[in-house]
>>> print(open('upload37.csv').read())   # CSV, C-alpha atoms and all ligand atoms
chain,number,residue,atom,x,y,z
C,9,MET,CA,0.0,0.0,0.0
C,10,PRO,CA,1.5,3.4,-1.0
C,11,ARG,CA,1.8,6.1,1.5
C,12,PRO,CA,-1.4,8.3,1.8
C,13,ALA,CA,0.0,11.2,-0.2
C,14,LEU,CA,0.5,8.8,-3.2
C,15,ARG,CA,-3.0,7.4,-3.0
C,16,SER,CA,-4.5,10.5,-4.5
C,17,ARG,CA,-6.0,10.0,-7.9
C,18,THR,CA,-4.8,13.4,-9.1
C,19,ILE,CA,-1.2,12.3,-9.4
C,20,LYS,CA,0.0,11.0,-12.8
C,21,ARG,CA,1.0,7.3,-13.1
C,22,LYS,CA,2.8,5.4,-15.7
C,23,ILE,CA,2.9,1.6,-16.1
C,24,VAL,CA,6.4,0.4,-16.8
C,25,ARG,CA,7.9,-3.1,-17.4
C,26,THR,CA,10.8,-3.9,-15.1
C,27,PRO,CA,13.8,-5.8,-16.4
C,28,GLY,CA,12.4,-8.9,-14.5
C,29,GLY,CA,9.2,-8.6,-16.6
C,30,ARG,CA,6.9,-7.3,-13.9
C,31,LEU,CA,4.5,-4.4,-14.6
C,32,VAL,CA,4.8,-1.7,-11.9
C,33,ILE,CA,3.2,1.7,-11.5
C,34,ARG,CA,5.7,4.6,-11.5
C,35,ILE,CA,4.5,7.8,-10.0
C,36,LEU,CA,5.4,10.8,-12.2
C,37,PRO,CA,6.6,14.1,-10.6
C,38,LYS,CA,4.1,16.9,-10.3
C,39,LYS,CA,4.4,20.0,-12.5
C,40,HIS,CA,4.3,23.4,-10.9
C,41,ASN,CA,2.1,26.2,-12.0
C,42,VAL,CA,3.5,28.9,-14.2
C,43,PRO,CA,4.2,32.4,-12.7
C,44,LYS,CA,1.5,35.0,-13.1
C,45,CYS,CA,1.7,38.7,-13.8
C,46,ALA,CA,1.5,40.7,-10.5
C,47,LEU,CA,-1.1,43.1,-11.9
C,48,CYS,CA,-3.4,41.3,-14.3
C,49,LYS,CA,-2.8,37.7,-13.0
C,50,LYS,CA,-2.3,36.3,-16.6
C,51,PRO,CA,0.3,33.6,-16.9
C,52,LEU,CA,3.6,35.0,-18.0
C,53,GLN,CA,4.7,34.0,-21.5
C,54,GLY,CA,7.8,31.8,-22.0
C,55,TYR,CA,7.3,29.7,-18.8
C,56,PRO,CA,6.3,26.2,-19.6
C,57,LYS,CA,4.8,24.0,-16.9
C,58,MET,CA,7.9,22.3,-15.4
C,59,THR,CA,8.6,19.8,-12.6
C,60,ALA,CA,10.8,20.9,-9.7
C,61,LYS,CA,13.8,19.1,-11.2
C,62,GLU,CA,13.4,20.9,-14.5
C,63,GLU,CA,13.0,24.2,-12.7
C,64,ARG,CA,16.3,23.6,-10.8
C,65,ARG,CA,18.1,23.4,-14.2
C,66,GLY,CA,17.0,27.0,-14.6
C,67,HIS,CA,14.8,29.2,-16.7
C,68,ARG,CA,15.9,32.7,-17.7
C,69,PRO,CA,13.2,35.3,-17.4
C,70,PRO,CA,12.9,38.1,-20.0
C,71,GLN,CA,15.9,40.5,-19.8
C,72,ARG,CA,13.9,43.7,-19.2
C,73,PRO,CA,12.9,45.7,-16.2
C,74,TYR,CA,10.3,43.7,-14.2
C,75,GLY,CA,11.0,40.7,-16.4
C,76,GLY,CA,9.4,37.6,-14.8
C,77,TYR,CA,7.2,39.8,-12.6
C,78,LEU,CA,5.0,41.8,-15.0
C,79,CYS,CA,3.7,40.9,-18.4
C,80,HIS,CA,4.7,43.0,-21.4
C,81,ALA,CA,1.3,44.8,-21.6
C,82,CYS,CA,1.3,45.8,-18.0
C,83,LEU,CA,4.9,47.0,-18.2
C,84,LYS,CA,4.0,49.1,-21.3
C,85,ALA,CA,1.0,50.7,-19.5
C,86,LEU,CA,3.1,51.3,-16.4
C,87,LEU,CA,5.9,53.0,-18.3
C,88,LYS,CA,3.5,55.1,-20.3
C,89,SER,CA,1.7,56.3,-17.1
C,90,ALA,CA,5.1,57.0,-15.5
C,91,VAL,CA,6.3,59.1,-18.4
C,92,ARG,CA,2.9,61.0,-18.6
C,93,ASN,CA,2.9,61.7,-14.9
C,94,ASN,CA,6.7,62.4,-14.7
C,95,TYR,CA,6.9,59.7,-12.0
C,96,PRO,CA,10.1,57.7,-11.5
C,97,ILE,CA,9.4,53.9,-11.5
Q,101,ZN,ZN,-0.1,41.9,-16.7
>>> encode(input="upload37.csv", output="structure tokens")
Amino acid sequence: MPRPALRSRTIKRKIVRTPGGRLVIRILPKKHNVPKCALCKKPLQGYPKMTAKEERRGHRPPQRPYGGYLCHACLKALLKSAVRNNYPI
């Protein structure tokens, strides 16, 4: 009997054949959610759903101010309002 956390039916399973010929269930790692924009809460572009192991290998956010924090549309609106109101970001 697997431990209680692995009895959930939401986790992904895969049936694999062992070298000895048995069929066993392998539990696949969960994928994390993608980061969202801090203002409009839309998922940020360029971030695929990755497992924790894949995230450890690294993902580079967009190389612009607020890259990986705000989406491009919100940053555009923020910069425009800052220029109009003469307000430093
Ligand atoms: Zn946004």
>>> atom_distance(input="upload37.csv", atom1="CA of Leu14 in chain C", atom2="CA of Pro51 in chain C")
28.3 Å
>>> residues_near_ligand(input="upload37.csv", ligand="ligand ZN 101 (chain Q)", cutoff="9 Å", atoms="all atoms listed in the file", output="list in words")
Lys44, Cys45, Ala46, Leu47, Cys48, Lys49, Lys50, Pro51, Leu52, Tyr77, Leu78, Cys79, His80, Ala81, Cys82 and Leu83 of chain C
>>> write_last_selection(input="upload37.csv", atoms="C-alpha atoms", output="short mmCIF file (atom, residue, chain, number, x, y, z; two decimals), in the frame of the given file")
data_model
loop_
_atom_site.label_atom_id
_atom_site.label_comp_id
_atom_site.auth_asym_id
_atom_site.auth_seq_id
_atom_site.Cartn_x
_atom_site.Cartn_y
_atom_site.Cartn_z
CA LYS C 44 1.50 35.00 -13.10
CA CYS C 45 1.70 38.70 -13.80
CA ALA C 46 1.50 40.70 -10.50
CA LEU C 47 -1.10 43.10 -11.90
CA CYS C 48 -3.40 41.30 -14.30
CA LYS C 49 -2.80 37.70 -13.00
CA LYS C 50 -2.30 36.30 -16.60
CA PRO C 51 0.30 33.60 -16.90
CA LEU C 52 3.60 35.00 -18.00
CA TYR C 77 7.20 39.80 -12.60
CA LEU C 78 5.00 41.80 -15.00
CA CYS C 79 3.70 40.90 -18.40
CA HIS C 80 4.70 43.00 -21.40
CA ALA C 81 1.30 44.80 -21.60
CA CYS C 82 1.30 45.80 -18.00
CA LEU C 83 4.90 47.00 -18.20
#
>>> closest_residue(input="upload37.csv", among="C:Thr59, C:Asn93, C:Thr26, C:Gln71", to="His40 in chain C", atoms="all atoms listed in the file")
C:Thr59
>>> atom_distance(input="upload37.csv", atom1="CA of Thr18 in chain C", atom2="CA of Gly76 in chain C")
28.6 Å
>>> atom_distance(input="upload37.csv", atom1="CA of Pro73 in chain C", atom2="CA of Leu86 in chain C")
11.3 Å
>>> residues_near_point(input="upload37.csv", point="(-1.0, 3.0, -10.8)", cutoff="10 Å", atoms="only C-alpha atoms", output="number ranges by chain")
C: 14-15, 17, 19-24, 31-35
>>> write_last_selection(input="upload37.csv", atoms="C-alpha atoms", output="short mmCIF file (atom, residue, chain, number, x, y, z; two decimals), in the frame of the given file")
data_model
loop_
_atom_site.label_atom_id
_atom_site.label_comp_id
_atom_site.auth_asym_id
_atom_site.auth_seq_id
_atom_site.Cartn_x
_atom_site.Cartn_y
_atom_site.Cartn_z
CA LEU C 14 0.50 8.80 -3.20
CA ARG C 15 -3.00 7.40 -3.00
CA ARG C 17 -6.00 10.00 -7.90
CA ILE C 19 -1.20 12.30 -9.40
CA LYS C 20 0.00 11.00 -12.80
CA ARG C 21 1.00 7.30 -13.10
CA LYS C 22 2.80 5.40 -15.70
CA ILE C 23 2.90 1.60 -16.10
CA VAL C 24 6.40 0.40 -16.80
CA LEU C 31 4.50 -4.40 -14.60
CA VAL C 32 4.80 -1.70 -11.90
CA ILE C 33 3.20 1.70 -11.50
CA ARG C 34 5.70 4.60 -11.50
CA ILE C 35 4.50 7.80 -10.00
#
>>> residues_near_point(input="upload37.csv", point="(4.1, 23.7, -11.4)", cutoff="6 Å", atoms="all atoms listed in the file", output="list of chain:residue names")
C:Lys39, C:His40, C:Asn41, C:Val42, C:Lys57, C:Met58
